[in-house]
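*Asks:* Here's a structure for you.
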Amino acid sequence: MLKSEARKIYRQKRISLTDKERVKLDDLLLIQFQTVPFPFLEYLLSYWPMEENKEINTHLFTDYLEFKNPGLKVLYPKTDFEKIELKALLTNDETVFEQNQYNIYEPGDGQIIDAPEIDFIIVPMINCDMLGQRAGYGKGFYDRYLKNCREDCIKVGLSYFEPVEKIDDTNLFDVPLNLCITPQNVYVF
């Protein structure tokens, strides 16, 4: 399957879910997530879910990791669409999030934390394959960012749907996930 096909098929499947179905699937995802014995984390990069894309409620997972890791520093991405670059900004309870031109909530400001400092990243995606290669939104922001992370940085994708067998059009610049968590399974790559 090509990334473009995966995007089309799984975006449509996600859009077709009712709010009630999504709440149930988010709960099942969190149950699976809680079965993974993650190490102590200092820096977590998450993202704000886009409601119009019916993205998974990442706040549930961020809150759980904060509970399990007292003192966890939570980062959110700030994107530069001209440079096609992502920066991780440190946030706190006072951080003001603003919608950018693509309706993505980002921190208005904050201290930039360099990629090698980050222990854990919740990576946005449409779906992935059985090798951890993901179909994202197609701009390459995360692959460019992930290549600068430490090798032991945990990269997790969350999906309402099981991985496809294989995404055929991956390239050398794609950075695979370490884990994909679905409502039914935890896949380790």
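Residues in the structure tokens are named by chain (A, B, ... in the order shown) and by number from 1 within that chain; ligands are numbered from 1 in the order shown.
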If you count only C-alpha atoms, which residues fall within 12 Å of Gln12 in chain A, apart from same-chain ones fewer than 3 positions away, as a list of chain:residue names?

*Replies:* A:Glu5, A:Ala6, A:Arg7, A:Lys8, A:Ile9, A:Ile15, A:Ser16, A:Leu17, A:Asn53, A:Lys54, A:Glu55, A:Ile126, A:Asn127, A:Phe161

*Asks:* Any chance you can output those residues with C-alpha atoms as a PDB file, in the first residue's frame?

*Replies:*
ATOM      1  CA  GLU A   5      -3.652   5.224  -0.274  1.00  0.00           C
ATOM      2  CA  ALA A   6      -3.252   4.738   3.484  1.00  0.00           C
ATOM      3  CA  ARG A   7      -3.944   8.424   4.079  1.00  0.00           C
ATOM      4  CA  LYS A   8      -7.093   8.338   1.967  1.00  0.00           C
ATOM      5  CA  ILE A   9      -8.499   5.079   3.367  1.00  0.00           C
ATOM      6  CA  ILE A  15     -13.859  10.664   9.848  1.00  0.00           C
ATOM      7  CA  SER A  16     -16.650   8.046   9.736  1.00  0.00           C
ATOM      8  CA  LEU A  17     -16.350   7.325  13.465  1.00  0.00           C
ATOM      9  CA  ASN A  53      -9.535  15.354  11.682  1.00  0.00           C
ATOM     10  CA  LYS A  54     -11.013  13.281  14.514  1.00  0.00           C
ATOM     11  CA  GLU A  55      -7.559  12.628  15.892  1.00  0.00           C
ATOM     12  CA  ILE A 126      -2.865   8.317   9.942  1.00  0.00           C
ATOM     13  CA  ASN A 127      -1.693   4.678  10.162  1.00  0.00           C
ATOM     14  CA  PHE A 161      -6.927   0.894  13.353  1.00  0.00           C
TER      15      PHE A 161
END

*Asks:* Name the residues of range 12-182 of chain A that come out as alpha helix (DSSP H) in a backbone DSSP run; write them as a ChimeraX atom specification.

*Replies:* /A:12-16,19-33,58-68,141-146

*Asks:* Using only C-alpha atoms, which residues of range 64-143 of chain A come within 9 Å of range 32-47 of chain A, and what is the closest atom pair for each, with the distance in Å to one decimal? Give it as JSON lines, sorted by chain and residue number.

*Replies:*
{"residue": "A:Tyr64", "atom": "CA", "partner": "A:Gln34", "partner_atom": "CA", "distance": 8.2}
{"residue": "A:Leu65", "atom": "CA", "partner": "A:Leu41", "partner_atom": "CA", "distance": 8.3}
{"residue": "A:Lys68", "atom": "CA", "partner": "A:Phe40", "partner_atom": "CA", "distance": 8.3}
{"residue": "A:Asn69", "atom": "CA", "partner": "A:Leu41", "partner_atom": "CA", "distance": 6.3}
{"residue": "A:Pro70", "atom": "CA", "partner": "A:Glu42", "partner_atom": "CA", "distance": 8.9}
{"residue": "A:Gly71", "atom": "CA", "partner": "A:Glu42", "partner_atom": "CA", "distance": 7.2}
{"residue": "A:Leu72", "atom": "CA", "partner": "A:Glu42", "partner_atom": "CA", "distance": 5.0}
{"residue": "A:Lys73", "atom": "CA", "partner": "A:Tyr43", "partner_atom": "CA", "distance": 4.9}
{"residue": "A:Val74", "atom": "CA", "partner": "A:Leu44", "partner_atom": "CA", "distance": 5.0}
{"residue": "A:Leu75", "atom": "CA", "partner": "A:Leu45", "partner_atom": "CA", "distance": 4.6}
{"residue": "A:Tyr76", "atom": "CA", "partner": "A:Tyr47", "partner_atom": "CA", "distance": 5.5}
{"residue": "A:Pro77", "atom": "CA", "partner": "A:Tyr47", "partner_atom": "CA", "distance": 6.5}
{"residue": "A:Ala88", "atom": "CA", "partner": "A:Leu45", "partner_atom": "CA", "distance": 6.9}
{"residue": "A:Leu89", "atom": "CA", "partner": "A:Leu45", "partner_atom": "CA", "distance": 8.6}
{"residue": "A:Leu90", "atom": "CA", "partner": "A:Leu45", "partner_atom": "CA", "distance": 8.8}
{"residue": "A:Tyr105", "atom": "CA", "partner": "A:Tyr47", "partner_atom": "CA", "distance": 8.3}
{"residue": "A:Glu106", "atom": "CA", "partner": "A:Tyr47", "partner_atom": "CA", "distance": 8.2}
{"residue": "A:Ile113", "atom": "CA", "partner": "A:Tyr43", "partner_atom": "CA", "distance": 8.8}
{"residue": "A:Glu117", "atom": "CA", "partner": "A:Tyr43", "partner_atom": "CA", "distance": 7.0}
{"residue": "A:Ile118", "atom": "CA", "partner": "A:Tyr43", "partner_atom": "CA", "distance": 4.9}
{"residue": "A:Asp119", "atom": "CA", "partner": "A:Tyr43", "partner_atom": "CA", "distance": 5.4}
{"residue": "A:Phe120", "atom": "CA", "partner": "A:Leu44", "partner_atom": "CA", "distance": 4.9}
{"residue": "A:Ile121", "atom": "CA", "partner": "A:Leu45", "partner_atom": "CA", "distance": 4.7}
{"residue": "A:Ile122", "atom": "CA", "partner": "A:Ser46", "partner_atom": "CA", "distance": 5.0}
{"residue": "A:Val123", "atom": "CA", "partner": "A:Ser46", "partner_atom": "CA", "distance": 7.2}
{"residue": "A:Pro124", "atom": "CA", "partner": "A:Tyr47", "partner_atom": "CA", "distance": 7.5}

*Asks:* How would the residues just chosen look if you wrote them out with N, CA and C atoms as a PDB file, in the first residue's frame?

*Replies:*
ATOM      1  N   TYR A  64      -1.663  10.720  31.593  1.00  0.00           N
ATOM      2  CA  TYR A  64      -1.236   9.469  32.219  1.00  0.00           C
ATOM      3  C   TYR A  64       0.276   9.465  32.447  1.00  0.00           C
ATOM      4  N   LEU A  65       1.036   9.881  31.432  1.00  0.00           N
ATOM      5  CA  LEU A  65       2.496   9.904  31.582  1.00  0.00           C
ATOM      6  C   LEU A  65       2.934  10.914  32.636  1.00  0.00           C
ATOM      7  N   LYS A  68       2.404   9.198  35.979  1.00  0.00           N
ATOM      8  CA  LYS A  68       3.395   8.150  36.230  1.00  0.00           C
ATOM      9  C   LYS A  68       4.816   8.680  36.391  1.00  0.00           C
ATOM     10  N   ASN A  69       5.069   9.902  35.915  1.00  0.00           N
ATOM     11  CA  ASN A  69       6.412  10.488  35.948  1.00  0.00           C
ATOM     12  C   ASN A  69       6.343  11.875  36.581  1.00  0.00           C
ATOM     13  N   PRO A  70       6.267  11.949  37.905  1.00  0.00           N
ATOM     14  CA  PRO A  70       6.218  13.275  38.543  1.00  0.00           C
ATOM     15  C   PRO A  70       7.402  14.128  38.083  1.00  0.00           C
ATOM     16  N   GLY A  71       7.104  15.365  37.739  1.00  0.00           N
ATOM     17  CA  GLY A  71       8.150  16.257  37.251  1.00  0.00           C
ATOM     18  C   GLY A  71       8.376  16.174  35.751  1.00  0.00           C
ATOM     19  N   LEU A  72       7.595  15.351  35.057  1.00  0.00           N
ATOM     20  CA  LEU A  72       7.729  15.236  33.606  1.00  0.00           C
ATOM     21  C   LEU A  72       7.559  16.612  32.966  1.00  0.00           C
ATOM     22  N   LYS A  73       8.434  16.918  32.053  1.00  0.00           N
ATOM     23  CA  LYS A  73       8.350  18.174  31.301  1.00  0.00           C
ATOM     24  C   LYS A  73       7.674  17.873  29.967  1.00  0.00           C
ATOM     25  N   VAL A  74       6.557  18.567  29.714  1.00  0.00           N
ATOM     26  CA  VAL A  74       5.763  18.298  28.527  1.00  0.00           C
ATOM     27  C   VAL A  74       6.026  19.367  27.478  1.00  0.00           C
ATOM     28  N   LEU A  75       6.319  18.905  26.278  1.00  0.00           N
ATOM     29  CA  LEU A  75       6.625  19.774  25.153  1.00  0.00           C
ATOM     30  C   LEU A  75       5.540  19.614  24.092  1.00  0.00           C
ATOM     31  N   TYR A  76       5.321  20.689  23.351  1.00  0.00           N
ATOM     32  CA  TYR A  76       4.415  20.641  22.201  1.00  0.00           C
ATOM     33  C   TYR A  76       5.137  21.260  21.009  1.00  0.00           C
ATOM     34  N   PRO A  77       4.807  20.799  19.805  1.00  0.00           N
ATOM     35  CA  PRO A  77       5.504  21.304  18.622  1.00  0.00           C
ATOM     36  C   PRO A  77       5.026  22.689  18.215  1.00  0.00           C
ATOM     37  N   ALA A  88      10.359  21.903  19.486  1.00  0.00           N
ATOM     38  CA  ALA A  88       9.647  21.430  20.672  1.00  0.00           C
ATOM     39  C   ALA A  88       9.741  22.496  21.754  1.00  0.00           C
ATOM     40  N   LEU A  89       8.584  23.019  22.163  1.00  0.00           N
ATOM     41  CA  LEU A  89       8.531  24.066  23.170  1.00  0.00           C
ATOM     42  C   LEU A  89       8.027  23.520  24.498  1.00  0.00           C
ATOM     43  N   LEU A  90       8.727  23.880  25.563  1.00  0.00           N
ATOM     44  CA  LEU A  90       8.348  23.497  26.909  1.00  0.00           C
ATOM     45  C   LEU A  90       7.067  24.228  27.291  1.00  0.00           C
ATOM     46  N   TYR A 105      -3.280  23.613  17.110  1.00  0.00           N
ATOM     47  CA  TYR A 105      -2.968  24.344  18.334  1.00  0.00           C
ATOM     48  C   TYR A 105      -1.497  24.156  18.673  1.00  0.00           C
ATOM     49  N   GLU A 106      -0.821  25.280  18.878  1.00  0.00           N
ATOM     50  CA  GLU A 106       0.597  25.289  19.221  1.00  0.00           C
ATOM     51  C   GLU A 106       0.820  26.258  20.373  1.00  0.00           C
ATOM     52  N   ILE A 113      13.391  23.082  23.532  1.00  0.00           N
ATOM     53  CA  ILE A 113      14.196  21.960  24.026  1.00  0.00           C
ATOM     54  C   ILE A 113      14.701  21.205  22.797  1.00  0.00           C
ATOM     55  N   GLU A 117      17.372  15.879  23.751  1.00  0.00           N
ATOM     56  CA  GLU A 117      16.960  15.864  25.156  1.00  0.00           C
ATOM     57  C   GLU A 117      15.685  15.052  25.380  1.00  0.00           C
ATOM     58  N   ILE A 118      14.933  14.802  24.328  1.00  0.00           N
ATOM     59  CA  ILE A 118      13.596  14.227  24.455  1.00  0.00           C
ATOM     60  C   ILE A 118      13.663  12.703  24.620  1.00  0.00           C
ATOM     61  N   ASP A 119      12.883  12.204  25.594  1.00  0.00           N
ATOM     62  CA  ASP A 119      12.851  10.776  25.907  1.00  0.00           C
ATOM     63  C   ASP A 119      11.733  10.028  25.198  1.00  0.00           C
ATOM     64  N   PHE A 120      10.632  10.725  24.883  1.00  0.00           N
ATOM     65  CA  PHE A 120       9.412  10.051  24.438  1.00  0.00           C
ATOM     66  C   PHE A 120       8.645  11.002  23.531  1.00  0.00           C
ATOM     67  N   ILE A 121       8.196  10.500  22.389  1.00  0.00           N
ATOM     68  CA  ILE A 121       7.423  11.329  21.453  1.00  0.00           C
ATOM     69  C   ILE A 121       6.162  10.580  21.042  1.00  0.00           C
ATOM     70  N   ILE A 122       5.025  11.235  21.202  1.00  0.00           N
ATOM     71  CA  ILE A 122       3.779  10.731  20.634  1.00  0.00           C
ATOM     72  C   ILE A 122       3.709  11.338  19.239  1.00  0.00           C
ATOM     73  N   VAL A 123       3.846  10.488  18.233  1.00  0.00           N
ATOM     74  CA  VAL A 123       4.003  10.939  16.857  1.00  0.00           C
ATOM     75  C   VAL A 123       2.646  10.892  16.142  1.00  0.00           C
ATOM     76  N   PRO A 124       2.212  12.009  15.548  1.00  0.00           N
ATOM     77  CA  PRO A 124       0.955  11.966  14.812  1.00  0.00           C
ATOM     78  C   PRO A 124       1.071  11.101  13.559  1.00  0.00           C
TER      79      PRO A 124
END

*Asks:* What are the closest atom pairs, with distances in Å to one decimal, for each residue of range 39-145 of chain A lying within 12 Å of range 162-174 of chain A, using only C-alpha atoms, rows by chain and rising residue number, as a Markdown table?

*Replies:*
| residue | atom | partner | partner_atom | distance |
| --- | --- | --- | --- | --- |
| A:Met125 | CA | A:Pro163 | CA | 11.2 |
| A:Ile126 | CA | A:Pro163 | CA | 10.0 |
| A:Asn127 | CA | A:Pro163 | CA | 6.2 |
| A:Cys128 | CA | A:Pro163 | CA | 5.1 |
| A:Asp129 | CA | A:Val164 | CA | 4.6 |
| A:Met130 | CA | A:Glu165 | CA | 5.4 |
| A:Leu131 | CA | A:Lys166 | CA | 7.3 |
| A:Gly132 | CA | A:Pro163 | CA | 8.4 |
| A:Gln133 | CA | A:Ile167 | CA | 6.9 |
| A:Arg134 | CA | A:Ile167 | CA | 7.7 |
| A:Ala135 | CA | A:Ile167 | CA | 7.9 |
| A:Gly136 | CA | A:Asp174 | CA | 10.4 |
| A:Gly138 | CA | A:Asp174 | CA | 11.1 |
| A:Lys139 | CA | A:Asp174 | CA | 11.6 |
| A:Gly140 | CA | A:Asp174 | CA | 8.3 |
| A:Phe141 | CA | A:Asp174 | CA | 10.6 |
| A:Tyr142 | CA | A:Asp174 | CA | 9.0 |
| A:Asp143 | CA | A:Asp174 | CA | 5.5 |
| A:Arg144 | CA | A:Phe173 | CA | 7.5 |
| A:Tyr145 | CA | A:Asp174 | CA | 10.4 |

*Asks:* Keeping only C-alpha atoms, write those residues as a PDB file, in the first residue's frame.

*Replies:*
ATOM      1  CA  MET A 125      -0.015   9.597  12.054  1.00  0.00           C
ATOM      2  CA  ILE A 126      -2.865   8.317   9.942  1.00  0.00           C
ATOM      3  CA  ASN A 127      -1.693   4.678  10.162  1.00  0.00           C
ATOM      4  CA  CYS A 128       1.481   2.604  10.013  1.00  0.00           C
ATOM      5  CA  ASP A 129       2.688  -0.728   8.752  1.00  0.00           C
ATOM      6  CA  MET A 130       4.002  -3.857  10.484  1.00  0.00           C
ATOM      7  CA  LEU A 131       7.548  -2.451  10.340  1.00  0.00           C
ATOM      8  CA  GLY A 132       6.675   0.790  12.145  1.00  0.00           C
ATOM      9  CA  GLN A 133       6.742   2.922   9.006  1.00  0.00           C
ATOM     10  CA  ARG A 134       3.959   5.478   9.250  1.00  0.00           C
ATOM     11  CA  ALA A 135       1.760   7.392   6.911  1.00  0.00           C
ATOM     12  CA  GLY A 136       1.620  10.869   8.401  1.00  0.00           C
ATOM     13  CA  GLY A 138       2.659  14.141   4.114  1.00  0.00           C
ATOM     14  CA  LYS A 139       4.762  17.208   4.895  1.00  0.00           C
ATOM     15  CA  GLY A 140       7.704  15.437   6.546  1.00  0.00           C
ATOM     16  CA  PHE A 141       7.903  17.644   9.662  1.00  0.00           C
ATOM     17  CA  TYR A 142       8.234  14.737  12.059  1.00  0.00           C
ATOM     18  CA  ASP A 143      10.664  12.660   9.997  1.00  0.00           C
ATOM     19  CA  ARG A 144      12.962  15.685   9.750  1.00  0.00           C
ATOM     20  CA  TYR A 145      12.685  16.175  13.507  1.00  0.00           C
TER      21      TYR A 145
END

*Asks:* Considering only strand (DSSP E or B) as DSSP defines it on the backbone, what residues of chain A qualify? List them as JSON, numbers by chain.

*Replies:* {"A": [43, 44, 45, 73, 74, 75, 76, 77, 78, 79, 80, 85, 86, 87, 88, 89, 90, 97, 98, 99, 105, 106, 107, 112, 113, 120, 121, 122, 123, 127, 128, 129, 134, 135, 154, 155, 156, 157, 158, 164, 179, 180, 181, 186, 187, 188]}
